[in-house]
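Structure data follow from run08.cif (mmCIF, C-alpha atoms):
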```cif
data_run
loop_
_atom_site.group_PDB
_atom_site.id
_atom_site.type_symbol
_atom_site.label_atom_id
_atom_site.label_comp_id
_atom_site.auth_asym_id
_atom_site.auth_seq_id
_atom_site.Cartn_x
_atom_site.Cartn_y
_atom_site.Cartn_z
ATOM 1 C CA MET M 20 -47.837 -57.079 -23.581
ATOM 2 C CA SER M 21 -47.010 -55.375 -20.330
ATOM 3 C CA LEU M 22 -49.699 -53.905 -18.154
ATOM 4 C CA THR M 23 -49.113 -51.582 -15.249
ATOM 5 C CA LEU M 24 -52.004 -50.395 -13.119
ATOM 6 C CA ASN M 25 -51.806 -47.055 -11.426
ATOM 7 C CA ILE M 26 -54.383 -47.440 -8.672
ATOM 8 C CA PRO M 27 -54.047 -44.657 -6.129
ATOM 9 C CA ARG M 28 -54.040 -45.162 -2.393
ATOM 10 C CA LEU M 29 -56.496 -42.793 -0.746
ATOM 11 C CA GLU M 30 -56.951 -42.269 2.966
ATOM 12 C CA THR M 31 -59.546 -40.962 5.355
ATOM 13 C CA GLU M 32 -59.376 -40.749 9.116
ATOM 14 C CA ARG M 33 -60.259 -44.433 9.582
ATOM 15 C CA LEU M 34 -59.916 -46.008 6.146
ATOM 16 C CA ILE M 35 -57.563 -46.771 3.289
ATOM 17 C CA LEU M 36 -58.970 -47.037 -0.228
ATOM 18 C CA ARG M 37 -56.577 -49.101 -2.318
ATOM 19 C CA GLY M 38 -56.402 -51.443 -5.253
ATOM 20 C CA PRO M 39 -57.586 -55.009 -4.860
ATOM 21 C CA GLU M 40 -54.953 -57.506 -3.732
ATOM 22 C CA ALA M 41 -54.985 -61.297 -4.012
ATOM 23 C CA SER M 42 -55.400 -61.558 -0.236
ATOM 24 C CA ASP M 43 -58.722 -59.669 -0.510
ATOM 25 C CA PHE M 44 -60.386 -62.414 -2.528
ATOM 26 C CA GLU M 45 -61.851 -64.349 0.406
ATOM 27 C CA ALA M 46 -63.677 -61.248 1.689
ATOM 28 C CA TYR M 47 -64.902 -60.387 -1.820
ATOM 29 C CA CYS M 48 -66.004 -63.984 -2.393
ATOM 30 C CA ALA M 49 -67.923 -64.166 0.884
ATOM 31 C CA PHE M 50 -69.785 -61.004 -0.075
ATOM 32 C CA LEU M 51 -70.398 -61.803 -3.754
ATOM 33 C CA THR M 52 -71.739 -65.317 -3.121
ATOM 34 C CA ASP M 53 -74.085 -64.263 -0.310
ATOM 35 C CA PRO M 54 -77.521 -64.028 -1.959
ATOM 36 C CA VAL M 55 -78.878 -61.670 0.712
ATOM 37 C CA ARG M 56 -75.906 -59.327 1.128
ATOM 38 C CA ALA M 57 -75.059 -59.052 -2.598
ATOM 39 C CA ASP M 58 -78.666 -58.848 -3.777
ATOM 40 C CA GLY M 59 -78.508 -55.177 -4.810
ATOM 41 C CA PHE M 60 -74.958 -55.472 -6.146
ATOM 42 C CA GLY M 61 -75.008 -58.660 -8.179
ATOM 43 C CA VAL M 62 -74.822 -62.143 -6.694
ATOM 44 C CA GLU M 63 -72.302 -64.609 -8.089
ATOM 45 C CA LYS M 64 -73.326 -68.275 -7.884
ATOM 46 C CA ASP M 65 -69.985 -69.741 -6.783
ATOM 47 C CA ARG M 66 -66.276 -69.122 -6.096
ATOM 48 C CA PRO M 67 -65.190 -69.353 -9.749
ATOM 49 C CA LYS M 68 -67.794 -66.727 -10.739
ATOM 50 C CA ALA M 69 -66.745 -64.533 -7.789
ATOM 51 C CA TRP M 70 -63.121 -64.843 -8.909
ATOM 52 C CA ARG M 71 -64.112 -63.740 -12.403
ATOM 53 C CA TRP M 72 -65.828 -60.658 -10.936
ATOM 54 C CA PHE M 73 -62.727 -59.964 -8.811
ATOM 55 C CA ALA M 74 -60.552 -60.122 -11.957
ATOM 56 C CA LEU M 75 -63.113 -58.076 -13.922
ATOM 57 C CA ASN M 76 -62.710 -55.243 -11.412
ATOM 58 C CA ILE M 77 -58.951 -55.252 -12.021
ATOM 59 C CA GLY M 78 -59.617 -55.189 -15.764
ATOM 60 C CA HIS M 79 -61.996 -52.266 -15.273
ATOM 61 C CA TRP M 80 -59.122 -50.354 -13.648
ATOM 62 C CA ALA M 81 -56.869 -51.224 -16.607
ATOM 63 C CA LEU M 82 -59.378 -50.099 -19.225
ATOM 64 C CA HIS M 83 -60.860 -47.017 -17.550
ATOM 65 C CA GLY M 84 -58.261 -45.884 -15.035
ATOM 66 C CA TYR M 85 -60.809 -46.276 -12.253
ATOM 67 C CA GLY M 86 -62.843 -49.024 -10.641
ATOM 68 C CA TYR M 87 -63.732 -50.338 -7.212
ATOM 69 C CA PHE M 88 -61.254 -49.741 -4.423
ATOM 70 C CA THR M 89 -60.923 -52.192 -1.582
ATOM 71 C CA ILE M 90 -61.861 -50.359 1.603
ATOM 72 C CA GLU M 91 -59.398 -51.310 4.322
ATOM 73 C CA ASP M 92 -59.979 -50.629 7.995
ATOM 74 C CA LYS M 93 -56.846 -48.840 9.255
ATOM 75 C CA GLU M 94 -57.168 -50.243 12.757
ATOM 76 C CA SER M 95 -57.462 -53.927 11.854
ATOM 77 C CA GLY M 96 -56.021 -53.977 8.339
ATOM 78 C CA ALA M 97 -59.056 -55.997 7.232
ATOM 79 C CA PRO M 98 -60.840 -55.431 3.934
ATOM 80 C CA CYS M 99 -64.247 -54.105 4.973
ATOM 81 C CA GLY M 100 -65.966 -53.222 1.701
ATOM 82 C CA LEU M 101 -65.774 -51.699 -1.761
ATOM 83 C CA THR M 102 -66.296 -48.252 -3.163
ATOM 84 C CA GLY M 103 -65.338 -46.525 -6.350
ATOM 85 C CA ILE M 104 -66.368 -45.550 -9.818
ATOM 86 C CA TRP M 105 -67.945 -48.157 -12.086
ATOM 87 C CA ASN M 106 -68.859 -47.820 -15.747
ATOM 88 C CA PRO M 107 -68.891 -51.110 -17.657
ATOM 89 C CA GLU M 108 -70.410 -51.509 -21.088
ATOM 90 C CA GLY M 109 -74.169 -50.950 -20.875
ATOM 91 C CA TRP M 110 -74.069 -48.477 -17.962
ATOM 92 C CA PRO M 111 -75.632 -45.087 -18.682
ATOM 93 C CA GLU M 112 -72.621 -43.206 -17.269
ATOM 94 C CA PRO M 113 -70.046 -43.502 -14.474
ATOM 95 C CA GLU M 114 -71.534 -44.281 -11.090
ATOM 96 C CA ILE M 115 -70.194 -44.281 -7.584
ATOM 97 C CA GLY M 116 -71.034 -47.462 -5.729
ATOM 98 C CA TRP M 117 -70.370 -48.920 -2.310
ATOM 99 C CA VAL M 118 -70.804 -52.045 -0.243
ATOM 100 C CA VAL M 119 -69.739 -52.908 3.279
ATOM 101 C CA PHE M 120 -68.797 -56.457 4.153
ATOM 102 C CA GLU M 121 -70.449 -58.423 6.932
ATOM 103 C CA GLY M 122 -69.400 -57.300 10.381
ATOM 104 C CA PHE M 123 -68.599 -53.732 9.339
ATOM 105 C CA GLU M 124 -72.112 -52.290 9.040
ATOM 106 C CA GLY M 125 -73.388 -49.369 11.068
ATOM 107 C CA ARG M 126 -70.029 -47.622 11.454
ATOM 108 C CA GLY M 127 -70.333 -44.995 8.702
ATOM 109 C CA ILE M 128 -67.710 -46.778 6.602
ATOM 110 C CA ALA M 129 -69.643 -46.636 3.328
ATOM 111 C CA ARG M 130 -70.304 -42.908 3.680
ATOM 112 C CA GLU M 131 -66.719 -42.071 4.636
ATOM 113 C CA ALA M 132 -65.289 -44.169 1.808
ATOM 114 C CA ALA M 133 -67.766 -43.030 -0.860
ATOM 115 C CA THR M 134 -67.228 -39.375 0.045
ATOM 116 C CA ARG M 135 -63.472 -39.809 -0.456
ATOM 117 C CA ALA M 136 -63.914 -41.756 -3.715
ATOM 118 C CA ARG M 137 -66.262 -39.075 -5.071
ATOM 119 C CA GLN M 138 -63.764 -36.354 -4.137
ATOM 120 C CA TRP M 139 -61.048 -38.268 -6.013
ATOM 121 C CA ALA M 140 -63.278 -38.682 -9.091
ATOM 122 C CA TYR M 141 -63.982 -34.961 -9.203
ATOM 123 C CA GLU M 142 -60.556 -33.622 -8.255
ATOM 124 C CA ASP M 143 -58.208 -36.139 -9.863
ATOM 125 C CA LEU M 144 -60.219 -37.649 -12.722
ATOM 126 C CA GLY M 145 -61.951 -34.391 -13.660
ATOM 127 C CA MET M 146 -65.425 -35.908 -13.621
ATOM 128 C CA THR M 147 -68.215 -33.360 -13.359
ATOM 129 C CA THR M 148 -71.098 -35.619 -12.419
ATOM 130 C CA LEU M 149 -71.701 -39.045 -10.923
ATOM 131 C CA THR M 150 -74.708 -41.227 -10.329
ATOM 132 C CA SER M 151 -75.525 -44.094 -8.019
ATOM 133 C CA ASN M 152 -77.603 -46.814 -9.631
ATOM 134 C CA ILE M 153 -79.711 -48.488 -6.973
ATOM 135 C CA VAL M 154 -82.046 -51.470 -7.177
ATOM 136 C CA PRO M 155 -85.560 -50.565 -5.964
ATOM 137 C CA GLY M 156 -86.029 -51.632 -2.355
ATOM 138 C CA ASN M 157 -82.373 -51.167 -1.375
ATOM 139 C CA ASP M 158 -83.399 -48.650 1.262
ATOM 140 C CA ARG M 159 -80.003 -48.454 2.956
ATOM 141 C CA SER M 160 -78.251 -47.471 -0.281
ATOM 142 C CA ILE M 161 -80.991 -44.985 -1.106
ATOM 143 C CA ALA M 162 -80.606 -43.407 2.335
ATOM 144 C CA LEU M 163 -76.831 -43.174 1.936
ATOM 145 C CA ALA M 164 -77.111 -41.700 -1.567
ATOM 146 C CA GLU M 165 -79.454 -39.050 -0.175
ATOM 147 C CA ARG M 166 -77.113 -38.320 2.775
ATOM 148 C CA LEU M 167 -74.385 -37.784 0.177
ATOM 149 C CA GLY M 168 -76.634 -35.213 -1.501
ATOM 150 C CA ALA M 169 -77.783 -37.375 -4.436
ATOM 151 C CA ARG M 170 -81.346 -37.004 -5.684
ATOM 152 C CA PHE M 171 -83.536 -39.432 -7.610
ATOM 153 C CA GLU M 172 -83.468 -38.545 -11.298
ATOM 154 C CA ARG M 173 -85.077 -41.437 -13.172
ATOM 155 C CA SER M 174 -85.492 -45.177 -13.487
ATOM 156 C CA TYR M 175 -83.790 -47.143 -16.237
ATOM 157 C CA THR M 176 -83.179 -50.760 -17.233
ATOM 158 C CA ASN M 177 -79.780 -51.923 -16.022
ATOM 159 C CA VAL M 178 -78.305 -54.563 -18.349
ATOM 160 C CA GLU M 179 -77.347 -56.738 -15.352
ATOM 161 C CA MET M 180 -79.867 -55.933 -12.623
ATOM 162 C CA GLY M 181 -83.109 -55.010 -14.421
ATOM 163 C CA GLU M 182 -84.896 -51.944 -13.102
ATOM 164 C CA ASP M 183 -82.568 -49.499 -11.392
ATOM 165 C CA MET M 184 -83.097 -46.069 -9.915
ATOM 166 C CA LEU M 185 -80.536 -43.482 -10.938
ATOM 167 C CA TYR M 186 -79.588 -41.014 -8.210
ATOM 168 C CA ARG M 187 -77.619 -37.942 -9.347
ATOM 169 C CA HIS M 188 -74.855 -36.681 -7.053
ATOM 170 C CA PRO M 189 -74.100 -32.998 -6.723
ATOM 171 C CA GLY M 190 -71.244 -31.912 -8.964
ATOM 172 C CA PRO M 191 -67.923 -30.599 -7.715
ATOM 173 C CA GLU M 192 -69.055 -26.972 -7.878
ATOM 174 C CA ALA M 193 -72.017 -27.720 -5.587
ATOM 175 C CA LEU M 194 -69.742 -29.451 -3.074
ATOM 176 C CA ALA M 195 -67.135 -26.666 -2.968
#
```
Could I get this structure in the form of structure tokens?
Amino acid sequence: MSLTLNIPRLETERLILRGPEASDFEAYCAFLTDPVRADGFGVEKDRPKAWRWFALNIGHWALHGYGYFTIEDKESGAPCGLTGIWNPEGWPEPEIGWVVFEGFEGRGIAREAATRARQWAYEDLGMTTLTSNIVPGNDRSIALAERLGARFERSYTNVEMGEDMLYRHPGPEALA
């Protein structure tokens, strides 16, 4: 079996959104195994579990044609977070998610990256709606979702995280 992934490379003024590369693993691992930073995303207990999540993201791209991009800072070349479209088994529908790695907070990176990923989902994938599924109490993600125009729609039980709040993003026609 031969598998070729076609992960686009998207750019903004300051960022590159690209497929995950082996050299990104250390940054992913540091985030995923940090019980405070990854609390609203899904904490992995150790490096082997973080590696499995890293590989799972690549598999998500293979199966769906979308997944989490690595956010790369153009200036430094460093991976500084994740954003993209996520819809594993058990999710109510595709969602746009984001995280920023330690040391990159407070710069507007998540907003810039998520805005570009949402644009790609609407323009290139033909999606007509997206949600952000946010754990109650994750006030920073709620604030960003609202700055992106998303509005609280309902709560639901996330198969991985328990109670989640579903925020609905404006569709492409509302953003035009």
Contacts of region 28-128 of chain M with region 156-172 of chain M up to 9 Å, shortest pair per row, all atoms listed in the file, as a tab-separated table:
```
residue	atom	partner	partner_atom	distance
M:Asp58	CA	M:Asn157	CA	8.9
M:Gly59	CA	M:Asn157	CA	6.5
M:Trp117	CA	M:Ser160	CA	8.3
M:Val118	CA	M:Ser160	CA	8.7
```
Legend entry - Distance query Thr23 (chain M) at most 12 Å, only C-alpha atoms, self and fewer than 2 positions along chain excluded, as a list in words: Met20, Ser21, Asn25, Ile26, Ile77, Gly78, Trp80, Ala81, Leu82 and Gly84 of chain M
Write the selection just made, keeping C-alpha atoms, as a PDB file, keeping the file's coordinate frame?
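Output (out-v1.pdb):
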```pdb
ATOM      1  CA  MET M  20     -47.837 -57.079 -23.581  1.00  0.00           C
ATOM      2  CA  SER M  21     -47.010 -55.375 -20.330  1.00  0.00           C
ATOM      3  CA  ASN M  25     -51.806 -47.055 -11.426  1.00  0.00           C
ATOM      4  CA  ILE M  26     -54.383 -47.440  -8.672  1.00  0.00           C
ATOM      5  CA  ILE M  77     -58.951 -55.252 -12.021  1.00  0.00           C
ATOM      6  CA  GLY M  78     -59.617 -55.189 -15.764  1.00  0.00           C
ATOM      7  CA  TRP M  80     -59.122 -50.354 -13.648  1.00  0.00           C
ATOM      8  CA  ALA M  81     -56.869 -51.224 -16.607  1.00  0.00           C
ATOM      9  CA  LEU M  82     -59.378 -50.099 -19.225  1.00  0.00           C
ATOM     10  CA  GLY M  84     -58.261 -45.884 -15.035  1.00  0.00           C
TER      11      GLY M  84
END
```
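For the pair CA of Trp139 (chain M) and CA of Glu32 (chain M), the interatomic distance is 15.4 Å.
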Inset, instruction - For Leu51 (chain M), please output as an MDAnalysis selection string all residues within 10 Å (counting all atoms listed in the file; exclusion window: fewer than 3 positions along the same chain). - result: chainID M and resid 45:48 54:58 60:66 68:70 72:73 120
Inset, instruction - Give the answer as one residue: which of M:Ala129, M:Ile153, M:Leu24, M:Cys99 has the shortest atom-to-atom distance to Gly38 (chain M), using all atoms listed in the file? - result: M:Leu24
For region 122-174 of chain M versus region 190-193 of chain M, which residues have an atom no more than 9 Å away, and what is each residue's nearest atom pair and distance in Å rounded to one decimal, using only C-alpha atoms, chain-then-number order, as JSON lines?
```
{"residue": "M:Gln138", "atom": "CA", "partner": "M:Pro191", "partner_atom": "CA", "distance": 8.0}
{"residue": "M:Tyr141", "atom": "CA", "partner": "M:Pro191", "partner_atom": "CA", "distance": 6.1}
{"residue": "M:Glu142", "atom": "CA", "partner": "M:Pro191", "partner_atom": "CA", "distance": 8.0}
{"residue": "M:Met146", "atom": "CA", "partner": "M:Pro191", "partner_atom": "CA", "distance": 8.3}
{"residue": "M:Thr147", "atom": "CA", "partner": "M:Gly190", "partner_atom": "CA", "distance": 5.5}
{"residue": "M:Thr148", "atom": "CA", "partner": "M:Gly190", "partner_atom": "CA", "distance": 5.1}
{"residue": "M:Leu149", "atom": "CA", "partner": "M:Gly190", "partner_atom": "CA", "distance": 7.4}
```
Writing out the chosen residues with C-alpha atoms as a short mmCIF file (atom, residue, chain, number, x, y, z; two decimals), keeping the file's coordinate frame:
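And here's out-v9.cif as it stands now:
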```cif
data_model
loop_
_atom_site.label_atom_id
_atom_site.label_comp_id
_atom_site.auth_asym_id
_atom_site.auth_seq_id
_atom_site.Cartn_x
_atom_site.Cartn_y
_atom_site.Cartn_z
CA GLN M 138 -63.76 -36.35 -4.14
CA TYR M 141 -63.98 -34.96 -9.20
CA GLU M 142 -60.56 -33.62 -8.26
CA MET M 146 -65.42 -35.91 -13.62
CA THR M 147 -68.22 -33.36 -13.36
CA THR M 148 -71.10 -35.62 -12.42
CA LEU M 149 -71.70 -39.04 -10.92
#
```
